[in-house]
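The data block below is start_33.cif; it holds mmCIF, C-alpha atoms.
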data_protein
#
loop_
_atom_site.label_atom_id
_atom_site.label_comp_id
_atom_site.auth_asym_id
_atom_site.auth_seq_id
_atom_site.Cartn_x
_atom_site.Cartn_y
_atom_site.Cartn_z
CA MET P 82 -28.30 24.81 15.70
CA GLY P 83 -30.56 23.47 13.04
CA THR P 84 -31.98 25.98 10.55
CA HIS P 85 -31.08 26.25 6.88
CA TYR P 86 -29.45 29.60 7.62
CA GLU P 87 -27.27 28.14 10.35
CA MET P 88 -25.97 25.65 7.80
CA GLN P 89 -25.03 28.63 5.63
CA MET P 90 -23.29 30.34 8.53
CA ILE P 91 -21.20 27.24 9.24
CA ARG P 92 -20.29 27.21 5.58
CA HIS P 93 -19.22 30.82 6.05
CA MET P 94 -16.94 29.70 8.82
CA LEU P 95 -15.50 26.87 6.76
CA VAL P 96 -14.53 29.26 4.02
CA TYR P 97 -13.27 31.71 6.64
CA TYR P 98 -11.13 29.06 8.30
CA ASN P 99 -9.88 27.40 5.12
CA LEU P 100 -6.22 27.86 4.34
CA GLN P 101 -6.10 30.20 1.40
CA GLU P 102 -4.52 29.07 -1.83
CA GLY P 103 -1.62 31.08 -3.16
CA ARG P 104 -0.46 32.40 0.20
CA GLY P 105 2.45 30.07 0.77
CA GLU P 106 0.35 27.98 3.16
CA MET P 107 -0.72 24.36 2.99
CA SER P 108 -2.75 23.67 -0.14
CA THR P 109 -5.52 21.83 1.71
CA ARG P 110 -8.83 23.54 1.09
CA MET P 111 -12.39 22.34 1.53
CA GLU P 112 -14.65 23.55 -1.25
CA PHE P 113 -18.26 24.09 -0.26
CA GLY P 114 -19.28 26.54 -2.95
CA GLY P 115 -19.28 30.32 -2.98
CA THR P 116 -21.74 33.16 -2.90
CA LEU P 117 -24.13 33.41 -5.81
CA PRO P 118 -24.34 36.94 -7.19
CA VAL P 119 -27.34 38.95 -6.02
CA PRO P 120 -28.22 42.66 -6.45
CA ASN P 121 -26.56 45.22 -4.21
CA VAL P 122 -29.13 46.25 -1.62
CA GLN P 123 -27.64 49.66 -0.86
CA ALA P 124 -27.69 50.58 -4.55
CA PHE P 125 -31.37 49.98 -5.20
CA ALA P 126 -32.41 51.26 -1.75
CA SER P 127 -30.72 54.57 -2.59
CA LYS P 128 -33.14 55.07 -5.47
CA ASN P 129 -35.91 55.65 -2.91
CA SER P 130 -38.55 53.98 -5.06
CA GLY P 131 -40.22 52.46 -2.02
CA ASP P 132 -40.47 49.15 -3.84
CA ILE P 133 -39.00 45.84 -2.72
CA PRO P 134 -37.24 44.60 -5.88
CA SER P 135 -37.84 40.88 -5.40
CA LEU P 136 -40.14 38.49 -3.54
CA ARG P 137 -36.96 36.89 -2.20
CA TYR P 138 -36.67 39.75 0.30
CA LEU P 139 -40.21 39.39 1.66
CA ARG P 140 -40.53 37.60 5.01
CA PRO P 141 -44.23 36.90 5.69
CA GLU P 142 -43.35 35.04 8.91
CA LEU P 143 -42.44 38.38 10.54
CA HIS P 144 -46.12 39.25 10.98
CA SER P 145 -46.84 36.24 13.17
CA GLU P 146 -43.83 36.54 15.50
CA GLU P 147 -44.12 37.83 19.05
CA PHE P 148 -42.02 40.55 20.68
CA LEU P 149 -41.19 41.25 24.31
CA LEU P 150 -40.63 44.88 25.24
CA ASP P 151 -40.32 44.36 29.01
CA GLU P 152 -37.39 46.47 30.24
CA SER P 153 -36.50 43.76 32.77
CA LEU P 154 -35.59 41.46 29.89
CA GLN P 155 -32.83 43.71 28.61
CA ILE P 156 -29.43 42.02 28.64
CA PRO P 157 -27.09 42.74 31.57
CA THR P 158 -24.43 45.44 31.46
CA ILE P 159 -21.01 44.23 32.58
CA ASP P 160 -18.08 46.43 33.67
CA MET P 161 -14.79 45.06 32.34
CA ARG P 162 -12.71 47.03 34.84
CA LYS P 163 -14.50 45.29 37.70
CA LEU P 164 -14.00 41.90 36.04
CA MET P 165 -10.27 42.56 35.83
CA LEU P 166 -10.33 43.05 39.62
CA ASP P 167 -12.31 39.80 40.09
CA ASP P 168 -15.13 41.78 41.71
CA ASP P 169 -17.49 39.12 43.10
CA ASP P 170 -20.72 40.88 42.16
CA GLU P 171 -19.56 41.63 38.64
CA MET P 172 -18.29 38.10 38.12
CA GLU P 173 -21.68 36.79 39.24
CA LYS P 174 -23.44 39.13 36.80
CA LEU P 175 -21.21 37.85 33.99
CA HIS P 176 -21.93 34.23 34.90
CA PHE P 177 -25.68 34.85 34.86
CA ALA P 178 -25.48 36.69 31.53
CA CYS P 179 -23.60 33.82 29.88
CA LYS P 180 -25.95 31.17 31.32
CA ASP P 181 -29.33 32.85 30.92
CA ARG P 182 -29.09 35.34 28.05
CA GLY P 183 -25.96 34.47 26.08
CA PHE P 184 -25.58 38.23 25.55
CA PHE P 185 -24.37 41.21 27.55
CA GLN P 186 -23.22 44.78 27.03
CA LEU P 187 -19.61 45.41 28.00
CA ILE P 188 -18.64 48.84 29.31
CA ASP P 189 -15.19 50.11 30.27
CA HIS P 190 -13.89 47.34 28.02
CA GLY P 191 -10.40 48.76 27.68
CA ALA P 192 -10.28 49.07 23.89
CA GLU P 193 -8.89 52.46 22.88
CA ASP P 194 -11.72 54.92 22.20
CA GLU P 195 -9.74 56.57 19.42
CA VAL P 196 -9.35 53.28 17.57
CA ILE P 197 -13.03 52.36 17.99
CA GLU P 198 -14.23 55.73 16.73
CA LYS P 199 -11.80 55.78 13.80
CA MET P 200 -13.00 52.31 12.75
CA LYS P 201 -16.60 53.54 12.78
CA VAL P 202 -15.67 56.52 10.61
CA ASP P 203 -13.74 54.41 8.11
CA VAL P 204 -16.55 51.87 7.81
CA GLN P 205 -19.06 54.64 7.14
CA GLU P 206 -16.75 56.17 4.55
CA PHE P 207 -16.29 52.84 2.81
CA PHE P 208 -20.02 52.25 2.42
CA LYS P 209 -20.42 55.81 1.07
CA LEU P 210 -18.16 54.97 -1.87
CA PRO P 211 -19.75 54.49 -5.32
CA LEU P 212 -20.69 50.88 -6.00
CA GLU P 213 -17.98 50.39 -8.62
CA LYS P 214 -15.31 51.39 -6.08
CA LYS P 215 -16.67 49.07 -3.42
CA ASN P 216 -16.84 46.25 -5.97
CA VAL P 217 -13.05 46.40 -6.34
CA TYR P 218 -13.12 44.36 -3.13
CA ALA P 219 -15.97 42.03 -4.16
CA GLN P 220 -16.01 38.47 -2.85
CA PRO P 221 -14.00 36.09 -5.05
CA GLN P 222 -15.59 32.85 -6.14
CA ASN P 223 -15.74 30.24 -3.35
CA SER P 224 -15.00 32.77 -0.63
CA ILE P 225 -17.03 34.65 1.94
CA GLU P 226 -14.30 37.27 2.34
CA GLY P 227 -14.72 40.61 0.63
CA TYR P 228 -17.60 42.91 -0.20
CA GLY P 229 -21.02 41.52 -1.00
CA GLN P 230 -23.99 39.93 0.69
CA ALA P 231 -24.46 37.17 3.21
CA PHE P 232 -23.63 33.72 1.87
CA VAL P 233 -26.14 32.83 -0.86
CA VAL P 234 -26.32 29.16 -1.84
CA SER P 235 -29.41 28.88 -4.06
CA ASP P 236 -31.47 30.93 -6.50
CA ASP P 237 -34.63 30.60 -4.42
CA GLN P 238 -33.07 31.39 -1.03
CA LYS P 239 -34.59 34.27 0.94
CA LEU P 240 -32.28 37.28 0.95
CA ASP P 241 -31.25 39.68 3.69
CA TRP P 242 -31.79 43.42 3.37
CA GLY P 243 -28.14 44.34 3.74
CA ASP P 244 -24.62 44.33 2.35
CA MET P 245 -21.38 43.49 4.11
CA LEU P 246 -17.61 43.58 4.01
CA PHE P 247 -16.08 40.51 5.65
CA LEU P 248 -12.35 40.21 6.35
CA VAL P 249 -10.06 37.89 8.34
CA PRO P 250 -7.45 39.92 10.24
CA LEU P 251 -6.13 37.13 12.48
CA PRO P 252 -3.89 35.30 12.30
CA PRO P 253 -1.97 37.79 10.15
CA SER P 254 -0.69 34.99 7.89
CA GLN P 255 -4.27 34.40 6.72
CA ARG P 256 -4.97 37.96 5.62
CA SER P 257 -6.14 38.44 2.04
CA MET P 258 -4.80 41.96 1.62
CA ARG P 259 -6.20 42.45 -1.87
CA LEU P 260 -9.65 42.49 -0.24
CA TRP P 261 -8.67 45.08 2.38
CA PRO P 262 -9.92 48.48 1.14
CA GLU P 263 -7.38 51.18 0.38
CA ASN P 264 -10.17 53.73 0.23
CA PRO P 265 -10.45 55.39 2.67
CA THR P 266 -6.67 55.50 2.83
CA SER P 267 -6.59 54.91 6.60
CA PHE P 268 -8.81 51.80 6.46
CA ARG P 269 -6.09 49.12 6.55
CA LYS P 270 -4.15 50.69 9.37
CA THR P 271 -7.33 51.30 11.35
CA LEU P 272 -8.58 47.74 10.92
CA ASP P 273 -5.21 46.35 12.00
CA LYS P 274 -5.40 48.33 15.26
CA TYR P 275 -9.09 47.57 15.76
CA SER P 276 -8.46 43.86 15.31
CA SER P 277 -5.74 43.86 17.96
CA GLU P 278 -7.82 45.85 20.43
CA LEU P 279 -10.85 43.56 20.20
CA HIS P 280 -8.71 40.42 20.27
CA ARG P 281 -7.21 41.61 23.54
CA VAL P 282 -10.66 42.35 24.99
CA SER P 283 -11.90 38.89 23.97
CA LEU P 284 -8.98 37.15 25.70
CA ASN P 285 -9.62 39.07 28.93
CA LEU P 286 -13.28 38.10 28.79
CA LEU P 287 -12.42 34.46 28.20
CA LYS P 288 -10.27 34.43 31.32
CA SER P 289 -13.12 35.82 33.43
CA MET P 290 -15.51 33.26 31.97
CA ALA P 291 -13.03 30.47 32.73
CA LYS P 292 -12.83 31.55 36.38
CA ASN P 293 -16.62 31.42 36.62
CA LEU P 294 -16.64 27.96 35.07
CA GLY P 295 -13.94 26.75 37.45
CA VAL P 296 -11.30 26.05 34.82
CA ASN P 297 -7.77 27.37 34.39
CA PRO P 298 -8.17 30.87 32.88
CA ASP P 299 -4.78 31.05 31.18
CA LYS P 300 -5.14 27.60 29.66
CA PHE P 301 -8.64 28.36 28.41
CA ALA P 302 -7.67 31.71 26.88
CA SER P 303 -4.59 30.16 25.27
CA MET P 304 -6.88 28.06 23.07
CA PHE P 305 -7.95 31.33 21.42
CA GLU P 306 -4.60 33.12 21.64
CA ASP P 307 -3.55 32.23 18.10
CA GLY P 308 -7.09 31.63 16.90
CA ARG P 309 -9.06 33.06 14.02
CA GLN P 310 -10.79 36.41 14.01
CA GLY P 311 -13.26 37.40 11.33
CA ILE P 312 -14.68 40.92 11.16
CA ARG P 313 -17.95 41.58 9.39
CA MET P 314 -18.94 45.18 8.64
CA ASN P 315 -22.68 45.46 8.01
CA TYR P 316 -24.73 48.03 6.12
CA TYR P 317 -28.52 47.79 6.41
CA PRO P 318 -30.27 50.41 4.25
CA PRO P 319 -33.59 51.87 5.37
CA CYS P 320 -36.64 50.20 3.87
CA GLU P 321 -40.08 51.75 3.56
CA HIS P 322 -41.51 48.29 4.20
CA ALA P 323 -39.21 47.47 7.12
CA ASP P 324 -41.81 45.17 8.65
CA LYS P 325 -41.61 42.89 5.60
CA VAL P 326 -37.83 42.42 5.29
CA ILE P 327 -35.00 41.43 7.60
CA GLY P 328 -31.43 42.71 7.80
CA LEU P 329 -29.84 39.49 9.02
CA THR P 330 -31.64 36.15 9.18
CA PRO P 331 -32.00 34.50 12.62
CA HIS P 332 -28.91 32.46 13.50
CA SER P 333 -26.43 31.60 16.22
CA ASP P 334 -22.70 32.21 15.82
CA ALA P 335 -20.42 29.22 15.25
CA SER P 336 -17.39 30.97 16.77
CA GLY P 337 -16.47 31.35 20.44
CA LEU P 338 -17.17 34.99 21.23
CA THR P 339 -18.65 37.77 19.11
CA LEU P 340 -18.05 41.44 19.92
CA LEU P 341 -20.51 43.76 18.17
CA ASP P 342 -19.89 47.48 17.78
CA GLN P 343 -22.87 49.65 16.84
CA VAL P 344 -21.58 52.22 14.32
CA ASN P 345 -24.58 54.56 14.50
CA GLU P 346 -27.50 54.97 16.87
CA VAL P 347 -30.05 52.93 14.90
CA GLN P 348 -31.30 49.95 16.90
CA GLY P 349 -31.43 46.63 15.05
CA LEU P 350 -30.30 43.65 17.16
CA GLN P 351 -32.94 41.28 18.56
CA ILE P 352 -32.38 38.10 20.54
CA LYS P 353 -34.78 35.19 20.96
CA LYS P 354 -35.84 34.15 24.43
CA ASN P 355 -38.56 31.58 25.12
CA GLY P 356 -39.72 31.78 21.51
CA LYS P 357 -40.15 35.55 21.52
CA TRP P 358 -37.94 38.35 20.16
CA ILE P 359 -36.42 40.95 22.48
CA PRO P 360 -35.18 44.22 20.87
CA ILE P 361 -31.86 45.24 22.42
CA LYS P 362 -31.18 48.87 23.31
CA PRO P 363 -27.46 49.53 22.88
CA VAL P 364 -25.67 51.18 25.80
CA PRO P 365 -23.53 54.12 24.60
CA ASP P 366 -19.84 53.20 24.15
CA ALA P 367 -20.50 49.55 25.05
CA LEU P 368 -19.58 46.47 23.06
CA LEU P 369 -22.37 43.93 22.64
CA VAL P 370 -20.94 40.49 23.44
CA ASN P 371 -22.52 37.12 22.71
CA ILE P 372 -21.58 33.52 23.35
CA GLY P 373 -21.02 31.40 20.22
CA ASP P 374 -21.65 27.70 19.61
CA THR P 375 -18.01 26.82 20.35
CA ILE P 376 -18.12 28.12 23.92
CA GLU P 377 -21.53 26.52 24.48
CA ILE P 378 -19.87 23.22 23.61
CA MET P 379 -16.77 23.87 25.71
CA SER P 380 -18.90 24.82 28.72
CA ASN P 381 -20.90 21.60 28.22
CA GLY P 382 -24.04 23.64 27.66
CA GLU P 383 -23.75 25.81 30.77
CA TYR P 384 -23.22 28.92 28.64
CA LYS P 385 -25.78 29.52 25.91
CA SER P 386 -25.33 30.44 22.25
CA MET P 387 -28.57 32.28 21.55
CA GLU P 388 -30.43 32.82 18.31
CA HIS P 389 -30.43 36.44 17.18
CA ARG P 390 -31.17 38.59 14.14
CA ALA P 391 -30.97 42.15 12.81
CA VAL P 392 -34.02 44.15 11.74
CA VAL P 393 -33.98 47.34 9.68
CA SER P 394 -35.39 50.82 10.06
CA SER P 395 -37.96 52.43 7.78
CA GLU P 396 -36.15 55.77 8.01
CA LYS P 397 -32.43 55.41 8.71
CA GLU P 398 -29.52 53.23 7.69
CA CYS P 399 -28.02 50.92 10.29
CA LEU P 400 -24.31 50.06 10.43
CA SER P 401 -22.49 47.67 12.73
CA ILE P 402 -19.18 45.83 13.07
CA ALA P 403 -19.11 42.24 14.35
CA ALA P 404 -15.82 40.63 15.37
CA PHE P 405 -15.94 36.82 15.61
CA HIS P 406 -13.29 35.11 17.74
CA GLY P 407 -12.65 31.39 17.44
CA PRO P 408 -9.95 28.94 18.49
CA ASN P 409 -7.10 27.76 16.35
CA TYR P 410 -8.41 25.77 13.41
CA MET P 411 -6.93 22.48 14.68
CA THR P 412 -7.88 23.00 18.33
CA MET P 413 -9.78 20.11 19.89
CA ILE P 414 -13.13 21.40 21.09
CA GLY P 415 -15.52 19.61 23.38
CA PRO P 416 -16.68 19.87 26.98
CA LEU P 417 -13.72 20.95 29.11
CA PRO P 418 -12.42 18.01 31.21
CA ASP P 419 -12.74 19.95 34.47
CA LEU P 420 -16.48 20.26 33.85
CA LEU P 421 -16.97 16.50 33.50
CA LYS P 422 -15.93 15.45 36.99
CA GLU P 423 -19.55 15.38 38.13
CA ASN P 424 -21.40 15.66 34.83
CA SER P 425 -21.54 13.63 31.66
CA ALA P 426 -20.53 15.16 28.34
CA LYS P 427 -23.39 16.61 26.28
CA TYR P 428 -21.17 17.08 23.23
CA LYS P 429 -18.42 15.00 21.68
CA THR P 430 -14.85 16.22 21.42
CA THR P 431 -13.48 16.83 17.95
CA SER P 432 -11.16 19.21 16.13
CA TYR P 433 -12.67 22.53 15.22
CA GLU P 434 -12.16 21.60 11.56
CA ASP P 435 -14.06 18.33 11.94
CA PHE P 436 -16.79 20.03 13.99
CA LEU P 437 -17.50 22.38 11.11
CA ARG P 438 -17.10 19.73 8.43
CA THR P 439 -19.40 17.22 10.15
CA PHE P 440 -22.09 19.80 10.75
CA VAL P 441 -22.06 20.91 7.13
CA THR P 442 -22.12 17.34 5.81
CA ARG P 443 -25.09 16.46 8.02
CA LYS P 444 -26.99 19.55 6.93
CA LEU P 445 -26.26 18.98 3.25
CA ASP P 446 -27.70 15.46 3.54
CA GLU P 447 -31.00 16.68 5.05
#
structure tokens encoding of this file:
Amino acid sequence: MGTHYEMQMIRHMLVYYNLQEGRGEMSTRMEFGGTLPVPNVQAFASKNSGDIPSLRYLRPELHSEEFLLDESLQIPTIDMRKLMLDDDDEMEKLHFACKDRGFFQLIDHGAEDEVIEKMKVDVQEFFKLPLEKKNVYAQPQNSIEGYGQAFVVSDDQKLDWGDMLFLVPLPPSQRSMRLWPENPTSFRKTLDKYSSELHRVSLNLLKSMAKNLGVNPDKFASMFEDGRQGIRMNYYPPCEHADKVIGLTPHSDASGLTLLDQVNEVQGLQIKKNGKWIPIKPVPDALLVNIGDTIEIMSNGEYKSMEHRAVVSSEKECLSIAAFHGPNYMTMIGPLPDLLKENSAKYKTTSYEDFLRTFVTRKLDE
């Protein structure tokens, strides 16, 4: 964790975890600024001019970066049904994936297929709406929630080639319903079901990870039971100069676990390993899972939160849904005590709130 973009992502999380004013909650709120307005990428990409509208989208560093296309470097595929049975081989595969790659593809995950598919349809329908209808749910000042672009903090910041809709479904008391689309009409109901399904999958995964780490699975999962879930729906338009722009800037996730659902068949995710980028080929009907910074800390560095990014296609749009799962805002996070019996702590223990606040303050002073 150390790039300018990672500082932005932590600021995302701070806004995401802040108690919202006007919802009958505590009035405490940390203000770290909001998103500066930038042009809608989908709107000008739809004009098919072939031009990149601003130098802020150009990423010259892309031409000097190395890629690895070796099939053996693809991330492991894990079967959730076998994990639920504590299958030794599958548990070992999961442990390796969390330690070495920080990513894996989860099949037979148990989330209802009908809910997953309906969420994909509703997300596609939302992004098909005219811009003025999508802007009804635009991000308010000082908030990352709503429709817009990734968090923009300066007028000279490089921009991503993509738009997003970011919402916080869990806990339910933190929902900002005025930002939940009512068009398509099924969107709210679908997202509510989708949120519950993925939350359940994440808790089951956390229990399996805890067993591999040698800690109490129920106690570990309980730290996320009433935690925060943020869902980011991404739209990356095609770009004629796809080799010059990027859909989502390289970063690691500040949360505990991220579950990514590929809406269409366009490949975009890349992870960084040994300084080189590995394009990930999605497995049909799988959820892409990655370890976030929080679990790296809790595992005392045994599990890895890996840098990743999204690239765009020159021909087709790419859509995805990322569900971020974190602990309760006031949960104390640090290396789990059971992991310190024979090893020293690599990270200090602090509340999740202070973890985010301290990181932001340090980055703002750089």
Find the residues near Val392 of chain P: any atom within 6 Å, counting all atoms listed in the file, skip ones fewer than 3 places away on the same chain, and give them as a list in words.
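Residues near the query, excluding close chain neighbours: Ile327, Gly328 and Gly349 of chain P.
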Atom CA of Asp435 of chain P and atom CA of Pro416 of chain P are how many Å apart?
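The value is 15.3 Å.
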Find the residues near Leu175 of chain P: any atom within 12 Å, counting all atoms listed in the file, skip ones fewer than 2 places away on the same chain, and give them as JSON, numbers by chain.
{"P": [156, 157, 158, 159, 160, 161, 163, 164, 167, 168, 169, 170, 171, 172, 173, 177, 178, 179, 180, 181, 182, 183, 184, 185, 186, 187, 286, 287, 288, 289, 290, 291, 292, 293, 294, 370, 371, 372, 384]}
Could those residues be written to a file, using C-alpha atoms, as a PDB file, keeping the file's coordinate frame?
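Generated output (result35.pdb):
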ATOM      1  CA  ILE P 156     -29.430  42.020  28.640  1.00  0.00           C
ATOM      2  CA  PRO P 157     -27.090  42.740  31.570  1.00  0.00           C
ATOM      3  CA  THR P 158     -24.430  45.440  31.460  1.00  0.00           C
ATOM      4  CA  ILE P 159     -21.010  44.230  32.580  1.00  0.00           C
ATOM      5  CA  ASP P 160     -18.080  46.430  33.670  1.00  0.00           C
ATOM      6  CA  MET P 161     -14.790  45.060  32.340  1.00  0.00           C
ATOM      7  CA  LYS P 163     -14.500  45.290  37.700  1.00  0.00           C
ATOM      8  CA  LEU P 164     -14.000  41.900  36.040  1.00  0.00           C
ATOM      9  CA  ASP P 167     -12.310  39.800  40.090  1.00  0.00           C
ATOM     10  CA  ASP P 168     -15.130  41.780  41.710  1.00  0.00           C
ATOM     11  CA  ASP P 169     -17.490  39.120  43.100  1.00  0.00           C
ATOM     12  CA  ASP P 170     -20.720  40.880  42.160  1.00  0.00           C
ATOM     13  CA  GLU P 171     -19.560  41.630  38.640  1.00  0.00           C
ATOM     14  CA  MET P 172     -18.290  38.100  38.120  1.00  0.00           C
ATOM     15  CA  GLU P 173     -21.680  36.790  39.240  1.00  0.00           C
ATOM     16  CA  PHE P 177     -25.680  34.850  34.860  1.00  0.00           C
ATOM     17  CA  ALA P 178     -25.480  36.690  31.530  1.00  0.00           C
ATOM     18  CA  CYS P 179     -23.600  33.820  29.880  1.00  0.00           C
ATOM     19  CA  LYS P 180     -25.950  31.170  31.320  1.00  0.00           C
ATOM     20  CA  ASP P 181     -29.330  32.850  30.920  1.00  0.00           C
ATOM     21  CA  ARG P 182     -29.090  35.340  28.050  1.00  0.00           C
ATOM     22  CA  GLY P 183     -25.960  34.470  26.080  1.00  0.00           C
ATOM     23  CA  PHE P 184     -25.580  38.230  25.550  1.00  0.00           C
ATOM     24  CA  PHE P 185     -24.370  41.210  27.550  1.00  0.00           C
ATOM     25  CA  GLN P 186     -23.220  44.780  27.030  1.00  0.00           C
ATOM     26  CA  LEU P 187     -19.610  45.410  28.000  1.00  0.00           C
ATOM     27  CA  LEU P 286     -13.280  38.100  28.790  1.00  0.00           C
ATOM     28  CA  LEU P 287     -12.420  34.460  28.200  1.00  0.00           C
ATOM     29  CA  LYS P 288     -10.270  34.430  31.320  1.00  0.00           C
ATOM     30  CA  SER P 289     -13.120  35.820  33.430  1.00  0.00           C
ATOM     31  CA  MET P 290     -15.510  33.260  31.970  1.00  0.00           C
ATOM     32  CA  ALA P 291     -13.030  30.470  32.730  1.00  0.00           C
ATOM     33  CA  LYS P 292     -12.830  31.550  36.380  1.00  0.00           C
ATOM     34  CA  ASN P 293     -16.620  31.420  36.620  1.00  0.00           C
ATOM     35  CA  LEU P 294     -16.640  27.960  35.070  1.00  0.00           C
ATOM     36  CA  VAL P 370     -20.940  40.490  23.440  1.00  0.00           C
ATOM     37  CA  ASN P 371     -22.520  37.120  22.710  1.00  0.00           C
ATOM     38  CA  ILE P 372     -21.580  33.520  23.350  1.00  0.00           C
ATOM     39  CA  TYR P 384     -23.220  28.920  28.640  1.00  0.00           C
TER      40      TYR P 384
END
At a cut-off of 7 Å, can you tabulate as CSV every residue of segment 234-313 of chain P near segment 118-139 of chain P together with its closest atom pair and the distance in Å to one decimal, using all atoms listed in the file and ordering rows by chain then number?
residue,atom,partner,partner_atom,distance
P:Gln238,CA,P:Arg137,CA,6.8
P:Lys239,CA,P:Arg137,CA,4.7
P:Leu240,CA,P:Tyr138,CA,5.1
P:Asp241,CA,P:Tyr138,CA,6.4
P:Trp242,CA,P:Val122,CA,6.3
P:Gly243,CA,P:Val122,CA,5.8
P:Asp244,CA,P:Val122,CA,6.3
Could you please determine the separation between atom CA of Glu206 of chain P and atom CA of Thr266 of chain P in Å, to one decimal place?
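Straight-line distance from atom CA of Glu206 of chain P to atom CA of Thr266 of chain P works out to 10.2 Å.
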Find, counting all atoms listed in the file, the residue in P:Phe436, P:Lys385, P:Glu377, P:Ser395 that gets nearest to Leu417 of chain P.
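Using all atoms listed in the file, Leu417 of chain P sits closest to P:Glu377.
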Check the smallest atom-to-atom distance from each of P:Val217, P:Leu340, P:Val364, P:Leu210 to Val282 of chain P using all atoms listed in the file, then report the winner.
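Checking each candidate against Val282 of chain P, we get P:Leu340 as the closest.
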Answer key for the PyMOL selection byres ((chain P and resi 219) around 9), residues as a ChimeraX atom specification:
/P:215-218,220-221,226-229,246,260
Gap from atom CA of His389 of chain P to atom CA of Gly373 of chain P - Å, one decimal
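For atom CA of His389 of chain P relative to atom CA of Gly373 of chain P, the distance reads 11.1 Å.
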Excluding Gly295 of chain P and its own-chain neighbours fewer than 5 positions away, which residues fall within 12 Å of it when counting only C-alpha atoms? Please give them as a ChimeraX atom specification.
/P:176,288-290,300-301,380,383,417-422
Selection from above, C-alpha atoms, as a CSV table (one decimal), in the coordinates of the input, can you write it?
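Result file is result-v1.csv:
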chain,number,residue,atom,x,y,z
P,176,HIS,CA,-21.9,34.2,34.9
P,288,LYS,CA,-10.3,34.4,31.3
P,289,SER,CA,-13.1,35.8,33.4
P,290,MET,CA,-15.5,33.3,32.0
P,300,LYS,CA,-5.1,27.6,29.7
P,301,PHE,CA,-8.6,28.4,28.4
P,380,SER,CA,-18.9,24.8,28.7
P,383,GLU,CA,-23.8,25.8,30.8
P,417,LEU,CA,-13.7,21.0,29.1
P,418,PRO,CA,-12.4,18.0,31.2
P,419,ASP,CA,-12.7,20.0,34.5
P,420,LEU,CA,-16.5,20.3,33.8
P,421,LEU,CA,-17.0,16.5,33.5
P,422,LYS,CA,-15.9,15.4,37.0
